[in-house]
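Asker: Please read through the structure below; I'll follow up with questions.
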Amino acid sequence: MPRKKDHEPHDAVFKAFFSDAIIARNYLLHYTAEDIYRQIDFSVFRKIDTAFVSGRFGISFSDVLYESRLLSGAPARLLFLFEHKSYVPKWPIHLQLLDYFLQIWEDDLKNDRSLSFIVPIVVYHGARKWETKAFSDYFVGLPKDWEAFIPNFYYWLTDLRKIPSAEIEEKVESEYVKNLFLALKFARNKKFTLENWPNILTFGRPFYRNTREGILLQTLTLYILNFYDMTESQVKDLNQQLPPAERDWIDAIPEVFGRKWKEEGLRTGYKEGMEKGMEEGMEKGIEKGMEKGMEKGMEKGMQKGMQKGIEKGIEKGIEKGIEKTSHAITIKTIKKFPDWSDAEIAEFVGVTNEYVQQLRKKLAVG
């Protein structure tokens, strides 16, 4: 099983997209069997709390859970559990899913509900082949008649490795499922990603230019540039291939989410020399650093003082920039995904649970 940091970026972008009910619904319409989506009452399709801890199998939270019902009017509460995998689990996936099932059913009993009917869905885009096996196949040598004692159940698998990219692109009406799946499918193929930048990051014409689409586009862009450790200049060059609306949203990333590109600007500034200047986000840090450096230089030597002052100023500038950026991202995430738990938002943004709690309280009061 990979370390947490190896699959965390994939988990975060998947959760951001599939926490949008329109995207989750369009996935069901375009990636499941007709016998499934034809019987769903989408008029009551909504995301519900997913804070089901499953640490026994290396997972912190279930990915995304949606509630609906059958068009037939059957009283059963219908749940769709979306689970994302960027690697083949060490243990049978059935164990993790069963763990979620039990917690959901326990919650049903606590709330005096009938047991929910759960449809588990796994979206996979790892490097290794995923072998779909019945749970009973893991019990080697068991007499056939004894399989009745095994909790066999089926999960719906979307293996992006096996779906041709052309087939994903053809599903234009699937809205932004197409963009996400192309990015995930080729997450380990930088050459393809860069060559197909317009296909992955063009959200459609007309691009609606609202906060919902803007956040999704920026989230997907950040996922790609962070995963491949891209520079601002690389992204800006590639963005010339995009329609103006998408390009404007992506160009605004340094001002809204700026940490990544500002850090890159710092590295570039050191490398190319102070005469070329730091990136825009470091300018205030440099100015402050030089000011402090001049003051210290009067006491311990101008040259040494300026150097120390610049370093300290840049350091403080970065700290302030990161603090401001984290604050903006946390607020946007709380507003965009109000039903996410504090822990989920904290993990996604990279802040503490307490910080999220405080911001949520301030937003509620304001």
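Just remember, in the structure tokens the first chain shown is A, the second B, etc., residues are 1-based per chain, and ligands are 1-based in the order shown.
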Which residues of region 172-236 of chain A sit at most 10 Å from region 330-349 of chain A, using only C-alpha atoms? Give each one's shortest atom pair and distance in Å (one decimal place), in chain and ascending residue order, as JSON lines.
Answerer:
```
{"residue": "A:Thr211", "atom": "CA", "partner": "A:Lys336", "partner_atom": "CA", "distance": 8.6}
{"residue": "A:Arg212", "atom": "CA", "partner": "A:Lys336", "partner_atom": "CA", "distance": 7.4}
{"residue": "A:Ile215", "atom": "CA", "partner": "A:Lys332", "partner_atom": "CA", "distance": 8.3}
{"residue": "A:Leu216", "atom": "CA", "partner": "A:Lys336", "partner_atom": "CA", "distance": 9.8}
```
Asker: What is the distance between CA of Leu182 (chain A) and CA of Leu194 (chain A), in Å to one decimal?
Answerer: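 Result for CA of Leu182 (chain A) versus CA of Leu194 (chain A): 11.7 Å, one decimal.
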Asker: Could you work out how far CA of Pro92 (chain A) lies from CA of Gly141 (chain A), giving the answer in Å with one decimal?
Answerer: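 Distance between the two atoms: 17.4 Å.
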Asker: Which polymer residues have any atom within 8 Å of an atom of Leu184 (chain A), counting only C-alpha atoms, with same-chain residues fewer than 2 positions away left out, as a list in words?
Answerer: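 My list of contacting residues is His10, His125, Leu160, Leu180, Phe181, Leu182, Phe186 and Ala187 of chain A.
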Asker: If you keep C-alpha atoms, can you produce a file of those selected residues as a tab-separated table (two decimals), in the first residue's frame?
Answerer:
```tsv
chain	number	residue	atom	x	y	z
A	10	HIS	CA	-5.81	12.06	-6.05
A	125	HIS	CA	-6.87	4.59	-11.83
A	160	LEU	CA	-10.07	4.07	-15.85
A	180	LEU	CA	-11.56	14.71	-13.94
A	181	PHE	CA	-11.35	11.21	-15.43
A	182	LEU	CA	-8.87	12.28	-18.12
A	186	PHE	CA	-3.11	9.88	-17.11
A	187	ALA	CA	-1.97	11.10	-13.71
```
Asker: Would you pick out the contacts of Leu29 (chain A) at 10 Å or less, using only C-alpha atoms, so that residues sharing its chain but fewer than 4 positions from it are not included, and give the list as a PDB file with C-alpha atoms, in the first residue's frame?
Answerer:
```
ATOM      1  CA  ILE A  23     -21.170  15.520 -11.199  1.00  0.00           C
ATOM      2  CA  ALA A  24     -22.084  12.474  -9.076  1.00  0.00           C
ATOM      3  CA  ARG A  25     -25.439  12.212 -10.849  1.00  0.00           C
ATOM      4  CA  ALA A  33     -25.740   0.162 -16.300  1.00  0.00           C
ATOM      5  CA  GLU A  34     -29.139   1.314 -17.544  1.00  0.00           C
ATOM      6  CA  ILE A  36     -29.275   1.025 -12.295  1.00  0.00           C
ATOM      7  CA  TYR A  37     -29.697   4.670 -13.314  1.00  0.00           C
ATOM      8  CA  ARG A  38     -33.162   4.186 -14.832  1.00  0.00           C
ATOM      9  CA  ILE A  40     -33.074   6.177  -9.407  1.00  0.00           C
ATOM     10  CA  GLU A 173     -22.739  15.671 -21.695  1.00  0.00           C
ATOM     11  CA  SER A 174     -21.237  14.067 -18.575  1.00  0.00           C
TER      12      SER A 174
END
```
Asker: Pick out each residue of region 29-224 of chain A that DSSP on the backbone tags as strand (DSSP E); I need them as a VMD selection string.
Answerer: chain A and resid 46 to 48 53 to 54 59 to 61 64 to 68 78 to 85 117 to 124 156 to 159
Asker: Create the file for the chosen residues now, containing N, CA and C atoms and written as a JSON list (two decimals), in the first residue's frame.
Answerer:
```
[["chain", "number", "residue", "atom", "x", "y", "z"],
["A", 46, "ARG", "N", -29.11, 13.59, -3.01],
["A", 46, "ARG", "CA", -28.36, 14.58, -2.23],
["A", 46, "ARG", "C", -27.20, 13.94, -1.48],
["A", 47, "LYS", "N", -26.15, 14.72, -1.26],
["A", 47, "LYS", "CA", -24.98, 14.24, -0.53],
["A", 47, "LYS", "C", -25.27, 14.29, 0.96],
["A", 48, "ILE", "N", -24.80, 13.28, 1.70],
["A", 48, "ILE", "CA", -25.00, 13.25, 3.14],
["A", 48, "ILE", "C", -23.65, 13.10, 3.84],
["A", 53, "VAL", "N", -15.36, 6.57, 10.11],
["A", 53, "VAL", "CA", -13.94, 6.26, 10.29],
["A", 53, "VAL", "C", -13.71, 4.79, 9.99],
["A", 54, "SER", "N", -12.63, 4.52, 9.22],
["A", 54, "SER", "CA", -12.30, 3.14, 8.87],
["A", 54, "SER", "C", -10.80, 2.94, 8.91],
["A", 59, "ILE", "N", -7.77, 3.64, 5.93],
["A", 59, "ILE", "CA", -8.54, 4.72, 5.36],
["A", 59, "ILE", "C", -9.09, 5.60, 6.48],
["A", 60, "SER", "N", -9.07, 6.91, 6.29],
["A", 60, "SER", "CA", -9.55, 7.82, 7.32],
["A", 60, "SER", "C", -11.05, 8.03, 7.24],
["A", 61, "PHE", "N", -11.56, 8.31, 6.03],
["A", 61, "PHE", "CA", -12.98, 8.59, 5.85],
["A", 61, "PHE", "C", -13.46, 7.96, 4.56],
["A", 64, "VAL", "N", -17.32, 9.61, -0.63],
["A", 64, "VAL", "CA", -18.52, 10.41, -0.83],
["A", 64, "VAL", "C", -19.75, 9.50, -0.76],
["A", 65, "LEU", "N", -20.79, 9.99, -0.09],
["A", 65, "LEU", "CA", -22.01, 9.19, 0.09],
["A", 65, "LEU", "C", -23.22, 10.02, -0.31],
["A", 66, "TYR", "N", -24.09, 9.44, -1.17],
["A", 66, "TYR", "CA", -25.29, 10.12, -1.63],
["A", 66, "TYR", "C", -26.54, 9.32, -1.28],
["A", 67, "GLU", "N", -27.60, 10.05, -0.99],
["A", 67, "GLU", "CA", -28.87, 9.43, -0.64],
["A", 67, "GLU", "C", -29.90, 9.69, -1.73],
["A", 68, "SER", "N", -30.71, 8.66, -2.04],
["A", 68, "SER", "CA", -31.79, 8.80, -3.00],
["A", 68, "SER", "C", -32.86, 7.77, -2.66],
["A", 78, "LEU", "N", -31.96, 4.54, -0.38],
["A", 78, "LEU", "CA", -30.95, 4.12, -1.35],
["A", 78, "LEU", "C", -29.71, 4.98, -1.19],
["A", 79, "LEU", "N", -28.56, 4.36, -0.93],
["A", 79, "LEU", "CA", -27.31, 5.08, -0.75],
["A", 79, "LEU", "C", -26.29, 4.66, -1.81],
["A", 80, "PHE", "N", -25.56, 5.65, -2.35],
["A", 80, "PHE", "CA", -24.48, 5.38, -3.28],
["A", 80, "PHE", "C", -23.17, 5.79, -2.61],
["A", 81, "LEU", "N", -22.32, 4.80, -2.39],
["A", 81, "LEU", "CA", -21.04, 5.03, -1.73],
["A", 81, "LEU", "C", -19.94, 5.08, -2.79],
["A", 82, "PHE", "N", -19.36, 6.27, -3.00],
["A", 82, "PHE", "CA", -18.29, 6.44, -3.98],
["A", 82, "PHE", "C", -16.95, 6.31, -3.28],
["A", 83, "GLU", "N", -16.17, 5.33, -3.70],
["A", 83, "GLU", "CA", -14.85, 5.10, -3.13],
["A", 83, "GLU", "C", -13.80, 5.23, -4.24],
["A", 84, "HIS", "N", -12.76, 6.01, -3.98],
["A", 84, "HIS", "CA", -11.72, 6.25, -4.98],
["A", 84, "HIS", "C", -10.46, 5.49, -4.61],
["A", 85, "LYS", "N", -9.81, 4.89, -5.61],
["A", 85, "LYS", "CA", -8.56, 4.17, -5.37],
["A", 85, "LYS", "C", -7.54, 4.52, -6.44],
["A", 117, "PHE", "N", -30.26, 0.54, 1.67],
["A", 117, "PHE", "CA", -29.71, -0.29, 0.60],
["A", 117, "PHE", "C", -28.53, 0.47, 0.00],
["A", 118, "ILE", "N", -27.35, -0.14, 0.04],
["A", 118, "ILE", "CA", -26.12, 0.56, -0.33],
["A", 118, "ILE", "C", -25.55, 0.01, -1.63],
["A", 119, "VAL", "N", -25.26, 0.91, -2.57],
["A", 119, "VAL", "CA", -24.60, 0.54, -3.83],
["A", 119, "VAL", "C", -23.16, 1.05, -3.76],
["A", 120, "PRO", "N", -22.19, 0.16, -3.54],
["A", 120, "PRO", "CA", -20.79, 0.60, -3.47],
["A", 120, "PRO", "C", -20.20, 0.78, -4.86],
["A", 121, "ILE", "N", -19.52, 1.90, -5.08],
["A", 121, "ILE", "CA", -18.91, 2.22, -6.37],
["A", 121, "ILE", "C", -17.44, 2.53, -6.15],
["A", 122, "VAL", "N", -16.58, 1.89, -6.92],
["A", 122, "VAL", "CA", -15.14, 2.11, -6.81],
["A", 122, "VAL", "C", -14.62, 2.67, -8.13],
["A", 123, "VAL", "N", -13.97, 3.84, -8.05],
["A", 123, "VAL", "CA", -13.33, 4.44, -9.23],
["A", 123, "VAL", "C", -11.83, 4.24, -9.05],
["A", 124, "TYR", "N", -11.20, 3.55, -10.01],
["A", 124, "TYR", "CA", -9.79, 3.15, -9.86],
["A", 124, "TYR", "C", -8.98, 3.66, -11.04],
["A", 156, "TRP", "N", -19.65, -1.87, -7.89],
["A", 156, "TRP", "CA", -19.55, -1.39, -9.26],
["A", 156, "TRP", "C", -18.18, -0.75, -9.45],
["A", 157, "LEU", "N", -17.39, -1.29, -10.37],
["A", 157, "LEU", "CA", -16.03, -0.82, -10.60],
["A", 157, "LEU", "C", -15.93, -0.03, -11.90],
["A", 158, "THR", "N", -15.37, 1.18, -11.81],
["A", 158, "THR", "CA", -14.98, 1.94, -13.00],
["A", 158, "THR", "C", -13.46, 1.98, -13.01],
["A", 159, "ASP", "N", -12.87, 1.17, -13.87],
["A", 159, "ASP", "CA", -11.41, 1.06, -13.97],
["A", 159, "ASP", "C", -10.96, 1.95, -15.13]]
```
Asker: Just to confirm, what's the straight-line distance from CA of Lys90 (chain A) to CA of Gly126 (chain A) in Å (one decimal)?
Answerer: 13.1 Å
Asker: From the options A:Tyr154, A:Tyr100, A:Tyr87, A:Phe139, which residue's atoms come nearest to Ala127 (chain A), counting only C-alpha atoms?
Answerer: A:Tyr87
